[in-house]
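Raw structure17.txt, compact mmCIF, C-alpha atoms:
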```
# COMPACT_ATOMS: atom_id res chain seq x y z
CA MET A 1 -166.25 -106.08 15.41
CA SER A 2 -164.03 -104.75 12.61
CA LEU A 3 -160.28 -104.36 12.83
CA ASP A 4 -160.65 -100.55 12.98
CA GLN A 5 -162.74 -100.84 16.14
CA VAL A 6 -160.23 -102.94 18.08
CA ALA A 7 -158.39 -100.83 20.66
CA LEU A 8 -154.72 -101.73 20.85
CA PRO A 9 -152.58 -101.10 23.92
CA THR A 10 -149.64 -98.75 23.56
CA ARG A 11 -146.05 -99.90 23.51
CA ARG A 12 -143.91 -99.34 26.57
CA LYS A 13 -140.23 -98.83 25.86
CA THR A 14 -137.75 -100.16 28.37
CA LEU A 15 -134.25 -98.83 28.51
CA ASP A 16 -131.69 -101.59 28.36
CA ARG A 17 -128.71 -100.19 30.25
CA GLN A 18 -126.40 -103.03 29.24
CA PRO A 19 -124.28 -102.61 26.11
CA LEU A 20 -125.55 -104.32 22.97
CA ASP A 21 -123.80 -107.66 22.49
CA VAL A 22 -123.89 -108.00 18.71
CA THR A 23 -122.33 -111.47 18.72
CA ALA A 24 -125.12 -112.82 20.91
CA ARG A 25 -127.72 -111.21 18.63
CA LEU A 26 -126.29 -112.97 15.57
CA GLN A 27 -127.46 -116.31 16.96
CA ALA A 28 -131.21 -116.71 17.29
CA PRO A 29 -132.23 -117.17 20.93
CA PRO A 30 -134.27 -120.30 21.66
CA GLY A 31 -137.88 -119.81 20.66
CA ARG A 32 -137.19 -116.70 18.57
CA PRO A 33 -137.70 -117.53 14.90
CA ARG A 34 -135.59 -115.99 12.19
CA VAL A 35 -137.34 -117.63 9.26
CA VAL A 36 -141.06 -118.22 9.25
CA ARG A 37 -143.05 -119.47 6.27
CA MET A 38 -146.12 -117.42 5.46
CA PRO A 39 -148.74 -118.33 2.86
CA ALA A 40 -147.94 -116.66 -0.49
CA ASP A 41 -151.22 -114.69 -0.52
CA TRP A 42 -150.75 -113.42 3.05
CA TRP A 43 -148.89 -110.32 1.83
CA ASP A 44 -151.95 -109.19 -0.15
CA ALA A 45 -154.53 -109.69 2.62
CA PRO A 46 -157.25 -106.99 2.83
CA ALA A 47 -156.09 -105.86 6.31
CA VAL A 48 -152.73 -104.76 4.87
CA ALA A 49 -151.88 -101.14 4.00
CA THR A 50 -149.77 -101.25 0.84
CA CYS A 51 -147.42 -98.89 -0.92
CA THR A 52 -145.52 -99.51 -4.13
CA LEU A 53 -142.15 -97.77 -4.13
CA THR A 54 -140.21 -96.83 -7.22
CA ILE A 55 -136.53 -97.59 -6.93
CA THR A 56 -135.14 -94.08 -6.55
CA ALA A 57 -133.11 -92.14 -4.02
CA GLN A 58 -136.41 -90.96 -2.48
CA ALA A 59 -137.87 -94.44 -1.86
CA ALA A 60 -136.87 -94.65 1.82
CA LYS A 61 -138.29 -91.16 2.48
CA ALA A 62 -141.60 -92.14 0.85
CA ALA A 63 -141.65 -95.37 2.89
CA ARG A 64 -141.08 -93.48 6.16
CA LYS A 65 -143.85 -90.98 5.34
CA PHE A 66 -146.30 -93.76 4.40
CA THR A 67 -145.45 -95.66 7.58
CA ARG A 68 -145.90 -92.65 9.90
CA THR A 69 -149.17 -91.62 8.21
CA THR A 70 -150.59 -95.15 8.36
CA LEU A 71 -149.63 -95.74 12.01
CA THR A 72 -151.03 -92.32 12.96
CA ASP A 73 -154.30 -93.17 11.19
CA TRP A 74 -154.39 -96.44 13.14
CA GLY A 75 -153.80 -94.63 16.44
CA LEU A 76 -150.35 -96.17 16.87
CA THR A 77 -148.16 -93.06 16.77
CA ALA A 78 -146.05 -94.47 19.64
CA LEU A 79 -144.70 -97.10 17.22
CA ALA A 80 -144.00 -94.69 14.36
CA ASP A 81 -140.35 -93.82 15.14
CA ASP A 82 -139.23 -97.44 15.40
CA ALA A 83 -141.35 -98.52 12.43
CA GLU A 84 -140.02 -95.70 10.24
CA THR A 85 -136.42 -96.65 11.02
CA ILE A 86 -137.06 -100.33 10.34
CA VAL A 87 -138.91 -99.69 7.07
CA ALA A 88 -136.22 -97.29 5.84
CA GLU A 89 -133.53 -99.92 6.51
CA PHE A 90 -135.50 -102.65 4.72
CA VAL A 91 -136.09 -100.37 1.71
CA ALA A 92 -132.44 -99.35 1.56
CA ASN A 93 -131.40 -103.01 1.67
CA ALA A 94 -133.91 -103.96 -1.01
CA ILE A 95 -132.66 -101.21 -3.30
CA SER A 96 -128.94 -101.72 -2.73
CA HIS A 97 -128.90 -105.53 -2.69
CA ALA A 98 -132.02 -107.28 -3.97
CA ALA A 99 -133.13 -104.92 -6.74
CA ARG A 100 -129.62 -104.70 -8.18
CA LYS A 101 -129.42 -108.51 -8.31
CA ALA A 102 -132.83 -108.75 -9.96
CA GLY A 103 -131.65 -106.71 -12.93
CA ALA A 104 -132.57 -103.48 -14.62
CA HIS A 105 -136.16 -104.59 -15.35
CA MET A 106 -137.05 -104.33 -11.66
CA GLN A 107 -138.35 -100.83 -11.01
CA THR A 108 -140.48 -101.21 -7.86
CA ILE A 109 -140.57 -102.85 -4.45
CA GLY A 110 -143.55 -103.31 -2.15
CA LEU A 111 -144.15 -102.04 1.36
CA ARG A 112 -146.83 -103.68 3.52
CA LEU A 113 -148.02 -102.66 6.98
CA LEU A 114 -150.30 -105.08 8.78
CA ARG A 115 -152.18 -104.22 11.94
CA ARG A 116 -153.33 -107.16 13.98
CA SER A 117 -154.52 -107.26 17.55
CA GLY A 118 -151.51 -106.46 19.72
CA GLU A 119 -148.95 -106.01 16.92
CA VAL A 120 -147.94 -104.26 13.74
CA MET A 121 -145.89 -105.96 11.05
CA CYS A 122 -143.76 -103.96 8.63
CA ALA A 123 -142.67 -105.85 5.51
CA VAL A 124 -140.77 -104.98 2.35
CA LEU A 125 -141.17 -107.29 -0.64
CA ASP A 126 -138.42 -107.53 -3.23
CA PRO A 127 -137.72 -109.87 -6.15
CA SER A 128 -134.60 -111.50 -4.71
CA ASP A 129 -134.72 -114.84 -2.93
CA ILE A 130 -131.39 -114.21 -1.17
CA ALA A 131 -131.81 -114.18 2.61
CA PRO A 132 -130.78 -111.10 4.58
CA VAL A 133 -127.80 -111.73 6.84
CA MET A 134 -127.14 -109.93 10.08
CA ARG A 135 -123.43 -109.62 10.66
CA GLU A 136 -121.03 -107.96 13.03
CA PRO A 137 -119.21 -105.19 11.14
CA SER A 138 -115.75 -104.07 12.14
CA LYS A 139 -115.26 -100.66 13.70
CA THR A 140 -114.02 -99.27 10.38
CA ASP A 141 -116.84 -100.65 8.18
CA GLU A 142 -119.05 -97.92 6.78
CA ALA A 143 -122.05 -100.21 6.37
CA GLY A 144 -123.49 -103.42 7.77
CA ARG A 145 -125.18 -102.24 10.96
CA GLY A 146 -128.75 -101.92 9.66
CA LEU A 147 -130.09 -105.35 10.57
CA VAL A 148 -128.48 -105.12 14.01
CA MET A 149 -130.47 -101.91 14.45
CA VAL A 150 -133.65 -103.61 13.17
CA ASP A 151 -133.06 -106.46 15.62
CA ALA A 152 -132.69 -103.99 18.50
CA LEU A 153 -135.83 -101.99 17.59
CA SER A 154 -138.22 -104.82 16.71
CA ASP A 155 -139.74 -107.48 18.91
CA VAL A 156 -139.09 -110.12 16.25
CA TRP A 157 -137.95 -109.96 12.63
CA GLY A 158 -137.18 -112.33 9.82
CA TRP A 159 -137.82 -113.05 6.20
CA SER A 160 -140.16 -115.28 4.27
CA PRO A 161 -140.08 -116.51 0.70
CA VAL A 162 -142.98 -115.29 -1.43
CA THR A 163 -143.71 -117.88 -4.11
CA GLY A 164 -142.82 -116.58 -7.54
CA ARG A 165 -142.14 -113.07 -6.26
CA GLY A 166 -138.90 -113.19 -4.24
CA LYS A 167 -139.08 -112.58 -0.50
CA ALA A 168 -140.53 -110.40 2.22
CA VAL A 169 -138.27 -109.06 4.96
CA TRP A 170 -140.43 -108.21 7.95
CA ALA A 171 -140.37 -106.98 11.54
CA ILE A 172 -143.07 -107.10 14.20
CA LEU A 173 -143.60 -104.42 16.82
CA PHE A 174 -145.82 -105.39 19.75
CA CYS A 175 -148.30 -102.77 20.86
CA ALA A 176 -148.21 -103.62 24.58
```

Any chance you could put this one into structure tokens?
Amino acid sequence: MSLDQVALPTRRKTLDRQPLDVTARLQAPPGRPRVVRMPADWWDAPAVATCTLTITAQAAKAARKFTRTTLTDWGLTALADDAETIVAEFVANAISHAARKAGAHMQTIGLRLLRRSGEVMCAVLDPSDIAPVMREPSKTDEAGRGLVMVDALSDVWGWSPVTGRGKAVWAILFCA
């Protein structure tokens, strides 16, 4: 049975009525990994939908469109809103932080979407090996809330070094 023939359950959103405790989110709960090593060739596996993004002001828009189209093609439209938001945040971070640190020669970043039984992984590959850091911004900070949002929308997220190519920042959305 091919991957395209596997029926995946849909995601059920639950409304958490309690306020988001950012401080508690900054510390990884027991059993919830923040850094997981993946084999270097994993990001180029045949089951991955890939998109190369040019570092421009339109990169996040292109990433959102690619993500929605791919998830719709896979029959996972229920995940598209969360996945689009996550991917756009990862792309914005890659452009504003990682690509700038890599130097002017870096013109592209990679977007990968992986559908496996019961989950979808969204990953953005960039040339930097600097780990993303979730922090608690002050009320007056104009930035710094993106990874808190990713943490709230995803079932698990983290980053992995990619040998000789920087890192992949990824988030997994369960389909059940």

Inset, instruction - Have a look at A:Ser96, A:Leu114, A:Trp159, A:Lys167 and name the one nearest to A:Gly144; count all atoms listed in the file. - result: A:Ser96

Inset, instruction - Choose the residue, out of A:Gln58, A:Gln107, A:Ser128, A:Thr77, that has the smallest atom-to-atom separation from A:Ala92; count all atoms listed in the file. - result: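 For A:Ala92, the nearest of the candidates is A:Gln58.
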
Inset, instruction - Quick one: residues within 7 Å of (-134.1, -113.6, -4.4) (file frame), counting only C-alpha atoms, please, as an NGL selection string. - result: :A and (98 or 127-130 or 166-167)

Within 12 Å of A:Asn93 using all atoms listed in the file, minus same-chain residues under 6 positions, as a PDB file with C-alpha atoms, in the frame of the given file:
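Written out: around37.pdb:
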```pdb
ATOM      1  CA  ILE A  55    -136.530 -97.590  -6.930  1.00  0.00           C
ATOM      2  CA  ALA A  59    -137.870 -94.440  -1.860  1.00  0.00           C
ATOM      3  CA  ALA A  60    -136.870 -94.650   1.820  1.00  0.00           C
ATOM      4  CA  ILE A  86    -137.060-100.330  10.340  1.00  0.00           C
ATOM      5  CA  VAL A  87    -138.910 -99.690   7.070  1.00  0.00           C
ATOM      6  CA  ALA A  99    -133.130-104.920  -6.740  1.00  0.00           C
ATOM      7  CA  ARG A 100    -129.620-104.700  -8.180  1.00  0.00           C
ATOM      8  CA  LYS A 101    -129.420-108.510  -8.310  1.00  0.00           C
ATOM      9  CA  ILE A 109    -140.570-102.850  -4.450  1.00  0.00           C
ATOM     10  CA  VAL A 124    -140.770-104.980   2.350  1.00  0.00           C
ATOM     11  CA  LEU A 125    -141.170-107.290  -0.640  1.00  0.00           C
ATOM     12  CA  ASP A 126    -138.420-107.530  -3.230  1.00  0.00           C
ATOM     13  CA  SER A 128    -134.600-111.500  -4.710  1.00  0.00           C
ATOM     14  CA  ILE A 130    -131.390-114.210  -1.170  1.00  0.00           C
ATOM     15  CA  ALA A 131    -131.810-114.180   2.610  1.00  0.00           C
ATOM     16  CA  PRO A 132    -130.780-111.100   4.580  1.00  0.00           C
ATOM     17  CA  VAL A 133    -127.800-111.730   6.840  1.00  0.00           C
ATOM     18  CA  MET A 134    -127.140-109.930  10.080  1.00  0.00           C
ATOM     19  CA  ALA A 143    -122.050-100.210   6.370  1.00  0.00           C
ATOM     20  CA  GLY A 144    -123.490-103.420   7.770  1.00  0.00           C
ATOM     21  CA  ARG A 145    -125.180-102.240  10.960  1.00  0.00           C
ATOM     22  CA  GLY A 146    -128.750-101.920   9.660  1.00  0.00           C
ATOM     23  CA  LEU A 147    -130.090-105.350  10.570  1.00  0.00           C
ATOM     24  CA  VAL A 150    -133.650-103.610  13.170  1.00  0.00           C
ATOM     25  CA  ALA A 168    -140.530-110.400   2.220  1.00  0.00           C
ATOM     26  CA  VAL A 169    -138.270-109.060   4.960  1.00  0.00           C
TER      27      VAL A 169
END
```

Inset, instruction - Rounded to one decimal place, report the atom CA of A:Arg115-atom CA of A:Thr85 distance in Å. - result: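 Distance reported for this atom pair: 17.5 Å.
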